[in-house]
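Visitor: Quick one: the structure is below, questions incoming.
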Amino acid sequence: MAHLRSRRRIALTVPLGIALAASVGFAPGIATAAPDAPATAPAKAEAPKLAYVVNTRTDHRTIEYVKKAIAAADGSVVVAYPKIGVIVAHSANPDFGKLLRKVKGVQSAGATRTSPLTAAGTTEEGAPTLLSKSEAKSLKAQADSGAEPLEADQWDLRAIGADKAAKINPGSAKVTVGVIDTGVDDTHPDLAPSFSASQSASCVGGKADTSPGAWRPAQKEHYHGTHVAGEIAAARNGVGVAGVAPGVKVAGIKVADPVSELFYPESVVCAFVFAADKGIEITNNSYYVDPWLYNCMDDPDQRAIVDAVNRAQLYAQKKGTLNLASAGNSNHDLASDEILDDSSPDDSTPVPRTIDPSKCFDIPTQLPGVVTVSATGVQNLKSYYSTYGKGVIDIAAPGGDKYQIPGDTPSKNGRILSTMPGGEYGWLQGTSMASPHASGVAALLKSTHPKASPAELQRLLKKQADNPGCPTTPYDPDGDGKVDAVCEGGKNQNGFYGDGIVDALDAVKK
């Protein structure tokens, strides 16, 4: 699934400063109550239960007043976050959102899904390819002295100087990167040395569960978060691969639904608040918040989702956390006037709609202060799938590209090799893989500049980047003779790379 971003960063403030913008109207698709049963039936069919976010003022009196209003509207409180004025609730009342929006002190309220609660919004492009035992044996035989056994296939580390940076400063164990994702397999031998269990949890459903192992993926097929974690901080321990910042800590904050693998708003709100309260310096967000690829501000449910997630990520920023997010895999120019969204909502039946990307927002990547990361391949060229747009992309990083084939790796695989659940390794590509490379470099910068604020870290991240500039020939990565994207901007900043491709070596030297 693509992770999209508007053509310019919106000035969002909490709680009511979100600019209400006119947008193309559409039916929000919220589930309604089941019809009454015939008079001869023994009972009425039970209405489906939905999850909601209710956003209020942050004073105690208002929070308690709204909790009572939730109960009066046939709802139940799952968890309240008084510090940001967000309450997660469940209700089978089809009018619950409308009723709560009329309550004094409520600033926005809406459903976080369009289908009933049941017992994949990540941004990798294509299915993974696992490294076979024979391939692993061959790679180990070709490993350079002092390198990790599988490092010969990690062209991405060499592309940003991470292999050289590790010899100068592999990162500080006082810095933690929180992987908000599908869960992290902390038993993996390449992740166990750097894993921070005390800063890990499951936030599925909106309430943090810190019981041992709660942060692990629900199924082995939920590999995404483990792959991301390895890209950031796989240890240089003579086993497998290496991460961009092998000396820092990594934490797992699971937000993916165990069945659908979707990333619902209440889970993401929980994750940002948890990361902030646990002192996590950097979060990586390689996903978009389901069920809407874009959240349009003229829809009350989608507006409430933007409001709730924005409050949570701003809270994290104020507590000292820098948040990075993947840009998306749709190869859309988000500086354009309109985009077709034909995948929303992704938890029920999608209804195609044309949206204005300056009025309908993908989150968390486009929220204020979040670093938006596009993907590149081994040729330092924008990956064929990567979203782009002048004034949208902040930074670029290796995400892999099947059309850009490395000449110096044994496997000749243009994707990213990293850790997989169960002690395995595999290749993936996507802006999901680009964001953790940038997060790793941000962790190196935080290690070098421990007192740097999130805003200062973002400035340093852009300052050390190397910008190749827009391509001098038409962009046609698949070679079919058609121009697939147009880069706008200059050498210092453009739509493909933002301020440039991250440079791990510069991050530890300057």
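Here's how to read the names in the structure tokens: chain A, B, ... by the order shown, residue numbers from 1 in each chain, ligand numbers from 1 in the order shown.
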Report as a VMD selection string all protein, DNA and RNA residues lying within 8 Å of A:Val273, evaluated on only C-alpha atoms, omitting residues in the same chain fewer than 6 positions from it.
Guide: chain A and resid 312 to 313 315 to 316
Visitor: Taking the DSSP assignment computed from this structure's backbone, write out as a ChimeraX atom specification all residues of stretch 111-304 of chain A that belong to alpha helix (DSSP H).
Guide: /A:133-142,155-159,162-168,224-233,265-277,300-304
Visitor: Would you give me, as a PyMOL selection string, the residues in stretch 70-211 of chain A that DSSP reads as strand (DSSP E)?
Guide: chain A and resi 75-81+86-91+106-111+129-130+176-181+201-202
Visitor: When distances are computed from only C-alpha atoms, which of A:Arg236, A:Lys249, A:Lys68, A:His227 shows the smallest separation from A:Gln199?
Guide: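 The answer is A:Lys249, which sits nearest to A:Gln199.
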Visitor: Show me a table, sorted first by chain and then by increasing residue number, of the residues of stretch 380-454 of chain A having an atom at most 8 Å from stretch 461-465 of chain A, each with its shortest atom pair and the distance in Å to one decimal, counting only C-alpha atoms and written as JSON lines.
Guide:
{"residue": "A:Asp394", "atom": "CA", "partner": "A:Lys462", "partner_atom": "CA", "distance": 7.5}
{"residue": "A:Ile395", "atom": "CA", "partner": "A:Lys462", "partner_atom": "CA", "distance": 6.6}
{"residue": "A:Val441", "atom": "CA", "partner": "A:Leu461", "partner_atom": "CA", "distance": 7.6}
{"residue": "A:Ala442", "atom": "CA", "partner": "A:Leu461", "partner_atom": "CA", "distance": 6.4}
{"residue": "A:Leu445", "atom": "CA", "partner": "A:Leu461", "partner_atom": "CA", "distance": 7.5}
Visitor: Excluding A:Gly279 and its own-chain neighbours fewer than 6 positions away, which residues fall within 9 Å of it when counting only C-alpha atoms? Please give them as a list of chain:residue names.
Guide: A:Thr176, A:Gln199, A:Lys319, A:Gly320, A:Thr321
Visitor: Keeping only N, CA, C and O atoms, take the residues you just selected and write them out as a compact mmCIF listing (two decimals), in the first residue's frame.
Guide:
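Resulting contents of out-v6.txt:
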# COMPACT_ATOMS: atom_id res chain seq x y z
N THR A 176 17.67 5.50 21.63
CA THR A 176 16.76 4.42 21.24
C THR A 176 15.89 4.87 20.08
O THR A 176 15.33 5.97 20.09
N GLN A 199 11.38 -0.38 26.82
CA GLN A 199 10.77 0.69 26.02
C GLN A 199 9.88 0.12 24.92
O GLN A 199 9.58 0.81 23.94
N LYS A 319 8.24 16.23 23.86
CA LYS A 319 8.99 15.45 24.85
C LYS A 319 10.38 15.09 24.36
O LYS A 319 11.14 14.40 25.07
N GLY A 320 10.74 15.52 23.12
CA GLY A 320 12.09 15.31 22.62
C GLY A 320 12.25 14.21 21.60
O GLY A 320 13.38 13.77 21.33
N THR A 321 11.16 13.75 20.99
CA THR A 321 11.22 12.66 20.02
C THR A 321 11.15 13.19 18.59
O THR A 321 10.25 13.98 18.27
Visitor: Please list as a PyMOL selection string every residue within 7 Å of stretch 258-272 of chain A, counting only C-alpha atoms and excluding residues in the same chain fewer than 3 positions away.
Guide: chain A and resi 53+88+112+120-121+180+203-208+218+253+255+275-276+289-291+305+308-309+312-313+316
Visitor: Put those residues in a file: N, CA and C atoms, as a compact mmCIF listing (two decimals), in the first residue's frame.
Guide:
# COMPACT_ATOMS: atom_id res chain seq x y z
N VAL A 53 -12.29 7.84 18.12
CA VAL A 53 -11.44 8.76 18.88
C VAL A 53 -12.26 10.00 19.17
N VAL A 88 -10.17 7.07 23.56
CA VAL A 88 -10.53 5.99 22.66
C VAL A 88 -11.76 5.30 23.23
N THR A 112 -12.85 5.31 13.74
CA THR A 112 -11.50 5.06 13.23
C THR A 112 -11.48 3.92 12.22
N ALA A 120 -3.40 -3.77 5.61
CA ALA A 120 -1.98 -3.81 5.82
C ALA A 120 -1.44 -2.57 5.16
N GLY A 121 -1.36 -1.88 6.26
CA GLY A 121 -1.01 -0.61 5.65
C GLY A 121 0.46 -0.28 5.66
N ILE A 180 7.65 1.72 15.32
CA ILE A 180 6.20 1.62 15.39
C ILE A 180 5.75 0.85 14.16
N CYS A 203 0.60 -1.77 21.32
CA CYS A 203 -0.41 -0.71 21.45
C CYS A 203 -1.66 -1.06 20.65
N VAL A 204 -1.78 -2.29 20.23
CA VAL A 204 -2.94 -2.71 19.44
C VAL A 204 -4.22 -2.46 20.24
N GLY A 205 -5.15 -1.75 19.64
CA GLY A 205 -6.40 -1.43 20.31
C GLY A 205 -6.40 -0.11 21.04
N GLY A 206 -5.20 0.50 21.18
CA GLY A 206 -5.13 1.83 21.77
C GLY A 206 -4.63 1.89 23.19
N LYS A 207 -4.35 0.74 23.81
CA LYS A 207 -3.88 0.73 25.19
C LYS A 207 -2.60 -0.09 25.27
N ALA A 208 -1.57 0.46 25.89
CA ALA A 208 -0.25 -0.17 25.92
C ALA A 208 -0.24 -1.43 26.78
N ALA A 218 2.48 -10.87 15.67
CA ALA A 218 1.44 -11.86 15.98
C ALA A 218 1.63 -13.13 15.18
N ILE A 253 7.26 -1.21 19.08
CA ILE A 253 5.93 -0.81 19.52
C ILE A 253 4.95 -1.31 18.48
N VAL A 255 1.66 -2.00 16.51
CA VAL A 255 0.38 -1.34 16.30
C VAL A 255 -0.49 -2.07 15.27
N ALA A 275 5.98 6.08 23.26
CA ALA A 275 7.36 6.38 22.90
C ALA A 275 7.86 7.62 23.63
N ALA A 276 7.01 8.64 23.67
CA ALA A 276 7.39 9.89 24.34
C ALA A 276 7.61 9.68 25.83
N VAL A 289 -1.67 5.41 8.34
CA VAL A 289 -2.73 5.06 9.29
C VAL A 289 -3.98 4.65 8.51
N ASP A 290 -4.44 3.43 8.75
CA ASP A 290 -5.65 2.93 8.11
C ASP A 290 -6.89 3.50 8.81
N PRO A 291 -8.07 3.47 8.16
CA PRO A 291 -8.34 2.84 6.88
C PRO A 291 -8.26 3.77 5.67
N ILE A 305 -9.57 11.68 13.10
CA ILE A 305 -8.38 10.83 13.02
C ILE A 305 -7.12 11.69 12.92
N ALA A 308 -6.46 13.44 16.31
CA ALA A 308 -5.97 12.57 17.37
C ALA A 308 -4.51 12.18 17.16
N VAL A 309 -4.18 11.73 15.95
CA VAL A 309 -2.80 11.30 15.68
C VAL A 309 -1.85 12.49 15.75
N ALA A 312 -0.97 13.33 19.31
CA ALA A 312 -0.03 12.36 19.88
C ALA A 312 1.38 12.57 19.38
N GLN A 313 1.56 12.81 18.07
CA GLN A 313 2.92 12.97 17.56
C GLN A 313 3.52 14.31 17.97
N ALA A 316 4.85 13.82 21.38
CA ALA A 316 6.15 13.16 21.33
C ALA A 316 7.26 14.15 20.97
Visitor: Please tabulate, as a tab-separated table, the residues of stretch 261-357 of chain A that come within 6 Å of stretch 374-385 of chain A, each with its closest pair of atoms and the distance in Å to one decimal, counting only C-alpha atoms and ordering rows by chain, then residue number upward.
Guide:
residue	atom	partner	partner_atom	distance
A:Ala327	CA	A:Ser374	CA	5.3
A:Asn329	CA	A:Tyr385	CA	4.8
A:Ser330	CA	A:Tyr385	CA	5.7
A:Asn331	CA	A:Tyr385	CA	4.8
Visitor: Mind giving me the straight-line distance from atom CA of A:Met420 to atom CA of A:Leu117 in Å, one decimal?
Guide: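 The value is 29.2 Å.
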Visitor: Please determine, counting only C-alpha atoms, which residue among A:Lys49, A:Pro128, A:Ile282, A:Gly161 has the shortest atom-to-atom distance to A:Lys446.
Guide: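 Comparing A:Lys49, A:Pro128, A:Ile282, A:Gly161 against A:Lys446, the winner is A:Ile282.
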Visitor: With distances taken over only C-alpha atoms, which residue among A:Val351, A:Ala80, A:Val241, A:Ala152 lies nearest A:His60?
Guide: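 Using only C-alpha atoms, A:His60 sits closest to A:Ala80.
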Visitor: Just want the 10 Å neighbourhood of A:Gly399, counted on only C-alpha atoms, with same-chain residues fewer than 6 positions away dropped. Output as number ranges by chain.
Guide: A: 124-125, 156, 326, 373-378, 382-383, 385-386, 414-416, 428-437
Visitor: Atoms to include: C-alpha atoms. Write the selected residues as an mmCIF file, in the first residue's frame.
Guide:
data_model
loop_
_atom_site.group_PDB
_atom_site.id
_atom_site.type_symbol
_atom_site.label_atom_id
_atom_site.label_comp_id
_atom_site.auth_asym_id
_atom_site.auth_seq_id
_atom_site.Cartn_x
_atom_site.Cartn_y
_atom_site.Cartn_z
ATOM 1 C CA GLU A 124 7.012 -2.236 1.326
ATOM 2 C CA GLU A 125 6.689 -2.841 -2.407
ATOM 3 C CA ASP A 156 22.759 0.189 0.956
ATOM 4 C CA SER A 326 7.982 6.720 4.735
ATOM 5 C CA VAL A 373 11.530 10.038 3.422
ATOM 6 C CA SER A 374 11.583 9.000 -0.252
ATOM 7 C CA ALA A 375 13.427 5.950 -1.577
ATOM 8 C CA THR A 376 16.461 5.518 -3.824
ATOM 9 C CA GLY A 377 18.280 2.599 -5.446
ATOM 10 C CA VAL A 378 21.944 1.731 -5.854
ATOM 11 C CA LYS A 382 14.645 7.749 -7.100
ATOM 12 C CA SER A 383 13.150 4.274 -6.808
ATOM 13 C CA TYR A 385 7.710 3.262 -6.909
ATOM 14 C CA SER A 386 8.628 6.106 -4.570
ATOM 15 C CA GLY A 414 18.763 -4.320 -5.836
ATOM 16 C CA ARG A 415 16.512 -4.624 -2.801
ATOM 17 C CA ILE A 416 17.393 -4.330 0.907
ATOM 18 C CA LEU A 428 12.410 -6.161 0.652
ATOM 19 C CA GLN A 429 12.051 -2.858 -1.177
ATOM 20 C CA GLY A 430 9.891 0.174 -0.494
ATOM 21 C CA THR A 431 9.862 3.552 1.172
ATOM 22 C CA SER A 432 9.343 1.378 4.271
ATOM 23 C CA MET A 433 13.003 0.446 3.842
ATOM 24 C CA ALA A 434 14.125 4.028 3.145
ATOM 25 C CA SER A 435 12.713 5.521 6.339
ATOM 26 C CA PRO A 436 14.694 3.229 8.710
ATOM 27 C CA HIS A 437 17.936 4.124 6.897
#
Visitor: What is the atom CA of A:Leu150 to atom CA of A:Ser196 distance in Å?
Guide: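 About the pair atom CA of A:Leu150 and atom CA of A:Ser196: they are 24.1 Å apart.
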